[in-house]
Amino acid sequence: MIAKKMTGFVENNSAIREMFEEGKRLAKEFGAENVYDFSLGNPNVPAPKAVNDAIKDIIDNEETTFVHGYMSNAGYEDVREDIAASLNRRFEENYSKDNIIMTVGAAGGLNVVFRALLDPGDEVVAFAPYFLEYRAYVSNYDGVLVEVSPNKPEFMPNLKEFEEKLTPRTKCVLINNPNNPTGVVYPESVIKDMISVIEKKSREYGTDIYLISDEPYRELAYEGVKVPYLPHYYANTIVGYSFSKSLSLPGERIGYLTIPGSMKDFETVVSALTIANRILGYVNAPSLMQRAVARAIDSKTDVGYYDRNRRLLRDTLRDIGFEFTEPYGAFYLFVKSPMEDEKQFCSLAKEENIIIVPGSSFACPGYVRLAYCVSYETIESSIPAWKRLMDKIKEGA
């Protein structure tokens, strides 16, 4: 028999991956051009040329026993220095390699953080809707994920409920900005108010609360919207970053953690994170990709591509009659289900070969998530199907 803790994970599975597999099945049956798969946040924009050029040059010109060998568990020192220098330029920080730990993507980074920080029963507070696997990541280390209810329809954090949910067992507050699945961006005013609550409760309970900022979508913000850099506001912040979206490298599993030097017990925390990286079995982040992203650190994905998709899908669905909060970040549209049961709505959409993910997978029933990191042509081709879908719903009302 498998472990009891795994039984629940197997039964629930990942709704996103399940819908993705369903999309592949329908593509074989009806042809890929006739299936409109908005399930998975899998970037359709190619990686910048600088990334591929860097990989080729590294293989051709660096000693392969070095490139493919072990290094410090925290990552190559020169790579970490390059990343620190980039952050210093962008955010006017004063980081060095000692503030950076290379990780196996953002997901690996979060697991490293929770392994290093959580004791059994410690609480991690997150704002719903949130990425569905957060709960599993916390549970991996016998922590407890405490959920702040969705603040519909704007989906800005409910800070009154947030304050009520902080307890003497609160160890971490986990935020994702820009947000998956809503596409909202928490502005500076909200971040400051959130941190005021954390500081107040830290003083009240005499505890240290860590703010964990999950930022794989940091560069994907539109219409001049700014994404606050949290270490500027709170010393006990750990930033988890991934190159999956910014450089279109989701399958390469490469990211890093940033730990400000002003953090309380900085050296102890960094040591714990580095050891967690090793004992979780990662040992180190992928060596070749560490060296490649360091060379392409100033490259960028085509945000205009995603913005074009965003505008087309947003305007189309709004004209048809769907409701949603304006997305200013990431590449997701979080749409209010026109049916009471959003899973039934997803099933009806599938009849039109539209693949979407139910909001209950993100702790927010009544909504569905659409990932618009697809081709522009896919969105254009899907428009008649969306219209037929809404007509069906109106006819059944």
# chains A, B, ... in the order shown; residues from 1 in each chain; ligands from 1

call {"tool": "closest_atom_pairs", "arguments": {"of": "segment 122-230 of chain A", "to": "segment 234-241 of chain A", "cutoff": "6 Å", "atoms": "only C-alpha atoms", "output": "JSON lines"}}
result
{"residue": "A:Tyr210", "atom": "CA", "partner": "A:Asn236", "partner_atom": "CA", "distance": 5.2}
{"residue": "A:Leu211", "atom": "CA", "partner": "A:Thr237", "partner_atom": "CA", "distance": 4.6}
{"residue": "A:Ile212", "atom": "CA", "partner": "A:Ile238", "partner_atom": "CA", "distance": 5.0}
{"residue": "A:Ser213", "atom": "CA", "partner": "A:Val239", "partner_atom": "CA", "distance": 4.8}
{"residue": "A:Asp214", "atom": "CA", "partner": "A:Gly240", "partner_atom": "CA", "distance": 4.9}
{"residue": "A:Glu215", "atom": "CA", "partner": "A:Tyr241", "partner_atom": "CA", "distance": 5.1}
{"residue": "A:Pro216", "atom": "CA", "partner": "A:Tyr241", "partner_atom": "CA", "distance": 5.2}

call {"tool": "closest_atom_pairs", "arguments": {"of": "segment 103-139 of chain A", "to": "segment 156-176 of chain A", "cutoff": "6 Å", "atoms": "only C-alpha atoms", "output": "tab-separated table"}}
result
residue	atom	partner	partner_atom	distance
A:Asp122	CA	A:Arg169	CA	5.3
A:Glu123	CA	A:Thr170	CA	4.5
A:Val124	CA	A:Cys172	CA	4.7
A:Val125	CA	A:Val173	CA	4.8
A:Ala126	CA	A:Leu174	CA	5.1

call {"tool": "atom_distance", "arguments": {"atom1": "atom CA of Ile254 of chain A", "atom2": "atom CA of Pro286 of chain A"}}
result
6.8 Å

call {"tool": "closest_residue", "arguments": {"among": "A:Tyr256, A:Tyr305, A:Asp142, A:Leu312", "to": "Ser381 of chain A", "atoms": "only C-alpha atoms"}}
result
A:Leu312

call {"tool": "select_by_dssp", "arguments": {"residues": "segment 143-249 of chain A", "states": "strand (DSSP E)", "output": "list in words"}}
result
Val144, Leu145, Val146, Glu147, Val148, Thr170, Lys171, Cys172, Val173, Leu174, Ile175, Asn176, Tyr210, Leu211, Ile212, Ser213, Asp214, Thr237, Ile238, Val239, Gly240, Tyr241 and Ser242 of chain A

call {"tool": "closest_atom_pairs", "arguments": {"of": "segment 294-349 of chain A", "to": "segment 362-377 of chain A", "cutoff": "6 Å", "atoms": "only C-alpha atoms", "output": "JSON lines"}}
result
{"residue": "A:Asn309", "atom": "CA", "partner": "A:Tyr376", "partner_atom": "CA", "distance": 5.8}
{"residue": "A:Phe331", "atom": "CA", "partner": "A:Tyr372", "partner_atom": "CA", "distance": 5.6}
{"residue": "A:Tyr332", "atom": "CA", "partner": "A:Ala371", "partner_atom": "CA", "distance": 4.6}
{"residue": "A:Leu333", "atom": "CA", "partner": "A:Leu370", "partner_atom": "CA", "distance": 5.1}
{"residue": "A:Phe334", "atom": "CA", "partner": "A:Arg369", "partner_atom": "CA", "distance": 4.6}
{"residue": "A:Val335", "atom": "CA", "partner": "A:Val368", "partner_atom": "CA", "distance": 5.3}
{"residue": "A:Lys336", "atom": "CA", "partner": "A:Tyr367", "partner_atom": "CA", "distance": 4.3}
{"residue": "A:Ser337", "atom": "CA", "partner": "A:Tyr367", "partner_atom": "CA", "distance": 4.9}
{"residue": "A:Glu342", "atom": "CA", "partner": "A:Gly366", "partner_atom": "CA", "distance": 5.2}

call {"tool": "residues_around", "arguments": {"residues": "segment 63-67 of chain A", "least_positions_apart": "3", "cutoff": "7 Å", "atoms": "only C-alpha atoms", "output": "ChimeraX atom specification"}}
result
/A:59,287-288

call {"tool": "residues_around", "arguments": {"residues": "Val283 of chain A", "least_positions_apart": "4", "cutoff": "6 Å", "atoms": "only C-alpha atoms", "output": "PyMOL selection string"}}
result
chain A and resi 73+277-278

call {"tool": "residues_around", "arguments": {"residues": "Tyr95 of chain A", "least_positions_apart": "5", "cutoff": "12 Å", "atoms": "only C-alpha atoms", "output": "PyMOL selection string"}}
result
chain A and resi 80-90+100-101+231+258-262

call {"tool": "write_last_selection", "arguments": {"atoms": "N, CA, C and O atoms", "output": "PDB file, in the first residue's frame"}}
result
ATOM      1  N   ARG A  80      25.548  32.790  -9.291  1.00  0.00           N
ATOM      2  CA  ARG A  80      24.850  33.513  -8.229  1.00  0.00           C
ATOM      3  C   ARG A  80      25.278  34.982  -8.180  1.00  0.00           C
ATOM      4  O   ARG A  80      24.459  35.875  -7.928  1.00  0.00           O
ATOM      5  N   GLU A  81      26.571  35.226  -8.455  1.00  0.00           N
ATOM      6  CA  GLU A  81      27.037  36.621  -8.516  1.00  0.00           C
ATOM      7  C   GLU A  81      26.360  37.361  -9.669  1.00  0.00           C
ATOM      8  O   GLU A  81      25.966  38.530  -9.519  1.00  0.00           O
ATOM      9  N   ASP A  82      26.221  36.712 -10.821  1.00  0.00           N
ATOM     10  CA  ASP A  82      25.575  37.354 -11.977  1.00  0.00           C
ATOM     11  C   ASP A  82      24.111  37.673 -11.681  1.00  0.00           C
ATOM     12  O   ASP A  82      23.607  38.739 -12.051  1.00  0.00           O
ATOM     13  N   ILE A  83      23.424  36.743 -11.033  1.00  0.00           N
ATOM     14  CA  ILE A  83      22.018  36.983 -10.691  1.00  0.00           C
ATOM     15  C   ILE A  83      21.904  38.098  -9.658  1.00  0.00           C
ATOM     16  O   ILE A  83      21.046  38.984  -9.775  1.00  0.00           O
ATOM     17  N   ALA A  84      22.785  38.087  -8.661  1.00  0.00           N
ATOM     18  CA  ALA A  84      22.779  39.150  -7.660  1.00  0.00           C
ATOM     19  C   ALA A  84      23.013  40.515  -8.314  1.00  0.00           C
ATOM     20  O   ALA A  84      22.326  41.494  -7.988  1.00  0.00           O
ATOM     21  N   ALA A  85      23.953  40.572  -9.254  1.00  0.00           N
ATOM     22  CA  ALA A  85      24.241  41.832  -9.942  1.00  0.00           C
ATOM     23  C   ALA A  85      23.035  42.322 -10.734  1.00  0.00           C
ATOM     24  O   ALA A  85      22.744  43.529 -10.777  1.00  0.00           O
ATOM     25  N   SER A  86      22.303  41.385 -11.360  1.00  0.00           N
ATOM     26  CA  SER A  86      21.109  41.756 -12.113  1.00  0.00           C
ATOM     27  C   SER A  86      20.037  42.327 -11.186  1.00  0.00           C
ATOM     28  O   SER A  86      19.416  43.358 -11.488  1.00  0.00           O
ATOM     29  N   LEU A  87      19.830  41.684 -10.048  1.00  0.00           N
ATOM     30  CA  LEU A  87      18.854  42.184  -9.081  1.00  0.00           C
ATOM     31  C   LEU A  87      19.274  43.547  -8.535  1.00  0.00           C
ATOM     32  O   LEU A  87      18.428  44.432  -8.324  1.00  0.00           O
ATOM     33  N   ASN A  88      20.572  43.734  -8.332  1.00  0.00           N
ATOM     34  CA  ASN A  88      21.071  45.031  -7.844  1.00  0.00           C
ATOM     35  C   ASN A  88      20.768  46.146  -8.843  1.00  0.00           C
ATOM     36  O   ASN A  88      20.391  47.253  -8.458  1.00  0.00           O
ATOM     37  N   ARG A  89      20.944  45.844 -10.129  1.00  0.00           N
ATOM     38  CA  ARG A  89      20.664  46.839 -11.166  1.00  0.00           C
ATOM     39  C   ARG A  89      19.170  47.157 -11.216  1.00  0.00           C
ATOM     40  O   ARG A  89      18.777  48.331 -11.348  1.00  0.00           O
ATOM     41  N   ARG A  90      18.343  46.154 -11.102  1.00  0.00           N
ATOM     42  CA  ARG A  90      16.904  46.330 -11.299  1.00  0.00           C
ATOM     43  C   ARG A  90      16.201  46.909 -10.074  1.00  0.00           C
ATOM     44  O   ARG A  90      15.254  47.688 -10.213  1.00  0.00           O
ATOM     45  N   ILE A 100      21.833  34.423  -2.761  1.00  0.00           N
ATOM     46  CA  ILE A 100      21.167  33.671  -3.823  1.00  0.00           C
ATOM     47  C   ILE A 100      21.410  32.169  -3.641  1.00  0.00           C
ATOM     48  O   ILE A 100      22.543  31.736  -3.410  1.00  0.00           O
ATOM     49  N   ILE A 101      20.341  31.384  -3.774  1.00  0.00           N
ATOM     50  CA  ILE A 101      20.447  29.920  -3.809  1.00  0.00           C
ATOM     51  C   ILE A 101      19.729  29.439  -5.053  1.00  0.00           C
ATOM     52  O   ILE A 101      18.531  29.726  -5.247  1.00  0.00           O
ATOM     53  N   PRO A 231      11.220  42.545  -0.704  1.00  0.00           N
ATOM     54  CA  PRO A 231      12.301  42.801   0.253  1.00  0.00           C
ATOM     55  C   PRO A 231      12.500  44.280   0.575  1.00  0.00           C
ATOM     56  O   PRO A 231      13.111  44.611   1.598  1.00  0.00           O
ATOM     57  N   THR A 258      15.984  34.270  -3.225  1.00  0.00           N
ATOM     58  CA  THR A 258      16.711  35.455  -2.780  1.00  0.00           C
ATOM     59  C   THR A 258      16.424  35.671  -1.300  1.00  0.00           C
ATOM     60  O   THR A 258      15.254  35.713  -0.891  1.00  0.00           O
ATOM     61  N   ILE A 259      17.486  35.797  -0.508  1.00  0.00           N
ATOM     62  CA  ILE A 259      17.362  35.988   0.938  1.00  0.00           C
ATOM     63  C   ILE A 259      18.086  37.282   1.289  1.00  0.00           C
ATOM     64  O   ILE A 259      19.324  37.351   1.200  1.00  0.00           O
ATOM     65  N   PRO A 260      17.372  38.334   1.681  1.00  0.00           N
ATOM     66  CA  PRO A 260      18.030  39.610   1.996  1.00  0.00           C
ATOM     67  C   PRO A 260      18.970  39.481   3.191  1.00  0.00           C
ATOM     68  O   PRO A 260      18.688  38.750   4.156  1.00  0.00           O
ATOM     69  N   GLY A 261      20.070  40.196   3.149  1.00  0.00           N
ATOM     70  CA  GLY A 261      21.025  40.167   4.241  1.00  0.00           C
ATOM     71  C   GLY A 261      20.477  40.750   5.529  1.00  0.00           C
ATOM     72  O   GLY A 261      20.995  40.478   6.619  1.00  0.00           O
ATOM     73  N   SER A 262      19.399  41.552   5.414  1.00  0.00           N
ATOM     74  CA  SER A 262      18.792  42.163   6.600  1.00  0.00           C
ATOM     75  C   SER A 262      17.884  41.203   7.357  1.00  0.00           C
ATOM     76  O   SER A 262      17.386  41.544   8.440  1.00  0.00           O
TER      77      SER A 262
END

call {"tool": "atom_distance", "arguments": {"atom1": "atom CA of Glu395 of chain A", "atom2": "atom CA of Asn34 of chain A"}}
result
23.9 Å

call {"tool": "select_by_dssp", "arguments": {"residues": "segment 194-256 of chain A", "states": "alpha helix (DSSP H)", "output": "VMD selection string"}}
result
chain A and resid 194 to 205 243 to 246

call {"tool": "closest_residue", "arguments": {"among": "A:Leu257, A:Pro358, A:Phe266, A:Leu273", "to": "Glu18 of chain A", "atoms": "only C-alpha atoms"}}
result
A:Pro358

call {"tool": "closest_residue", "arguments": {"among": "A:Phe127, A:Tyr76, A:Asp307, A:Asn52", "to": "Met194 of chain A", "atoms": "only C-alpha atoms"}}
result
A:Phe127

call {"tool": "residues_around", "arguments": {"residues": "Ile393 of chain A", "least_positions_apart": "2", "cutoff": "9 Å", "atoms": "only C-alpha atoms", "output": "ChimeraX atom specification"}}
result
/A:338-339,345,348,388-391,395-397

call {"tool": "decode", "arguments": {"residues": "segment 200-228 of chain A", "atoms": "N, CA and C atoms", "output": "compact mmCIF listing (two decimals), in the first residue's frame"}}
result
# COMPACT_ATOMS: atom_id res chain seq x y z
N LYS A 200 2.45 43.78 13.18
CA LYS A 200 1.62 43.92 14.39
C LYS A 200 1.49 42.58 15.11
N LYS A 201 1.18 41.52 14.35
CA LYS A 201 0.98 40.20 14.95
C LYS A 201 2.30 39.60 15.43
N SER A 202 3.39 39.88 14.75
CA SER A 202 4.70 39.41 15.20
C SER A 202 5.03 39.99 16.58
N ARG A 203 4.75 41.29 16.75
CA ARG A 203 5.00 41.92 18.04
C ARG A 203 4.06 41.35 19.12
N GLU A 204 2.81 41.17 18.75
CA GLU A 204 1.82 40.67 19.70
C GLU A 204 2.17 39.28 20.21
N TYR A 205 2.62 38.40 19.29
CA TYR A 205 2.90 37.02 19.66
C TYR A 205 4.36 36.79 20.03
N GLY A 206 5.21 37.76 19.77
CA GLY A 206 6.63 37.57 20.03
C GLY A 206 7.24 36.51 19.13
N THR A 207 6.80 36.46 17.87
CA THR A 207 7.27 35.45 16.91
C THR A 207 7.85 36.12 15.67
N ASP A 208 8.59 35.34 14.91
CA ASP A 208 9.09 35.79 13.62
C ASP A 208 8.24 35.16 12.53
N ILE A 209 7.64 35.98 11.70
CA ILE A 209 6.82 35.50 10.59
C ILE A 209 7.55 35.82 9.30
N TYR A 210 7.74 34.79 8.48
CA TYR A 210 8.42 34.97 7.20
C TYR A 210 7.40 35.25 6.10
N LEU A 211 7.75 36.17 5.22
CA LEU A 211 6.93 36.45 4.05
C LEU A 211 7.59 35.77 2.85
N ILE A 212 6.87 34.84 2.24
CA ILE A 212 7.40 34.09 1.10
C ILE A 212 6.70 34.60 -0.16
N SER A 213 7.47 35.16 -1.07
CA SER A 213 6.92 35.73 -2.29
C SER A 213 7.26 34.85 -3.48
N ASP A 214 6.22 34.20 -4.03
CA ASP A 214 6.37 33.30 -5.17
C ASP A 214 6.19 34.12 -6.45
N GLU A 215 7.28 34.30 -7.22
CA GLU A 215 7.26 35.31 -8.29
C GLU A 215 7.66 34.79 -9.68
N PRO A 216 7.09 33.69 -10.15
CA PRO A 216 7.46 33.26 -11.50
C PRO A 216 6.92 34.17 -12.60
N TYR A 217 5.94 35.03 -12.26
CA TYR A 217 5.33 35.88 -13.28
C TYR A 217 5.74 37.34 -13.14
N ARG A 218 6.81 37.61 -12.39
CA ARG A 218 7.18 38.99 -12.08
C ARG A 218 7.25 39.86 -13.33
N GLU A 219 7.84 39.37 -14.41
CA GLU A 219 8.03 40.21 -15.61
C GLU A 219 6.77 40.35 -16.45
N LEU A 220 5.75 39.56 -16.16
CA LEU A 220 4.54 39.58 -16.99
C LEU A 220 3.50 40.51 -16.37
N ALA A 221 3.67 41.79 -16.59
CA ALA A 221 2.73 42.81 -16.12
C ALA A 221 2.46 43.77 -17.28
N TYR A 222 1.23 44.27 -17.35
CA TYR A 222 0.77 45.00 -18.53
C TYR A 222 0.27 46.40 -18.18
N GLU A 223 0.21 47.22 -19.22
CA GLU A 223 -0.35 48.57 -19.12
C GLU A 223 0.35 49.41 -18.06
N GLY A 224 1.65 49.21 -17.92
CA GLY A 224 2.43 50.03 -17.01
C GLY A 224 2.29 49.68 -15.54
N VAL A 225 1.63 48.58 -15.23
CA VAL A 225 1.44 48.17 -13.84
C VAL A 225 2.77 47.74 -13.24
N LYS A 226 3.06 48.19 -12.02
CA LYS A 226 4.30 47.87 -11.34
C LYS A 226 4.08 46.76 -10.32
N VAL A 227 5.02 45.82 -10.25
CA VAL A 227 4.96 44.74 -9.27
C VAL A 227 5.92 45.09 -8.14
N PRO A 228 5.42 45.32 -6.93
CA PRO A 228 6.31 45.70 -5.81
C PRO A 228 7.34 44.60 -5.53
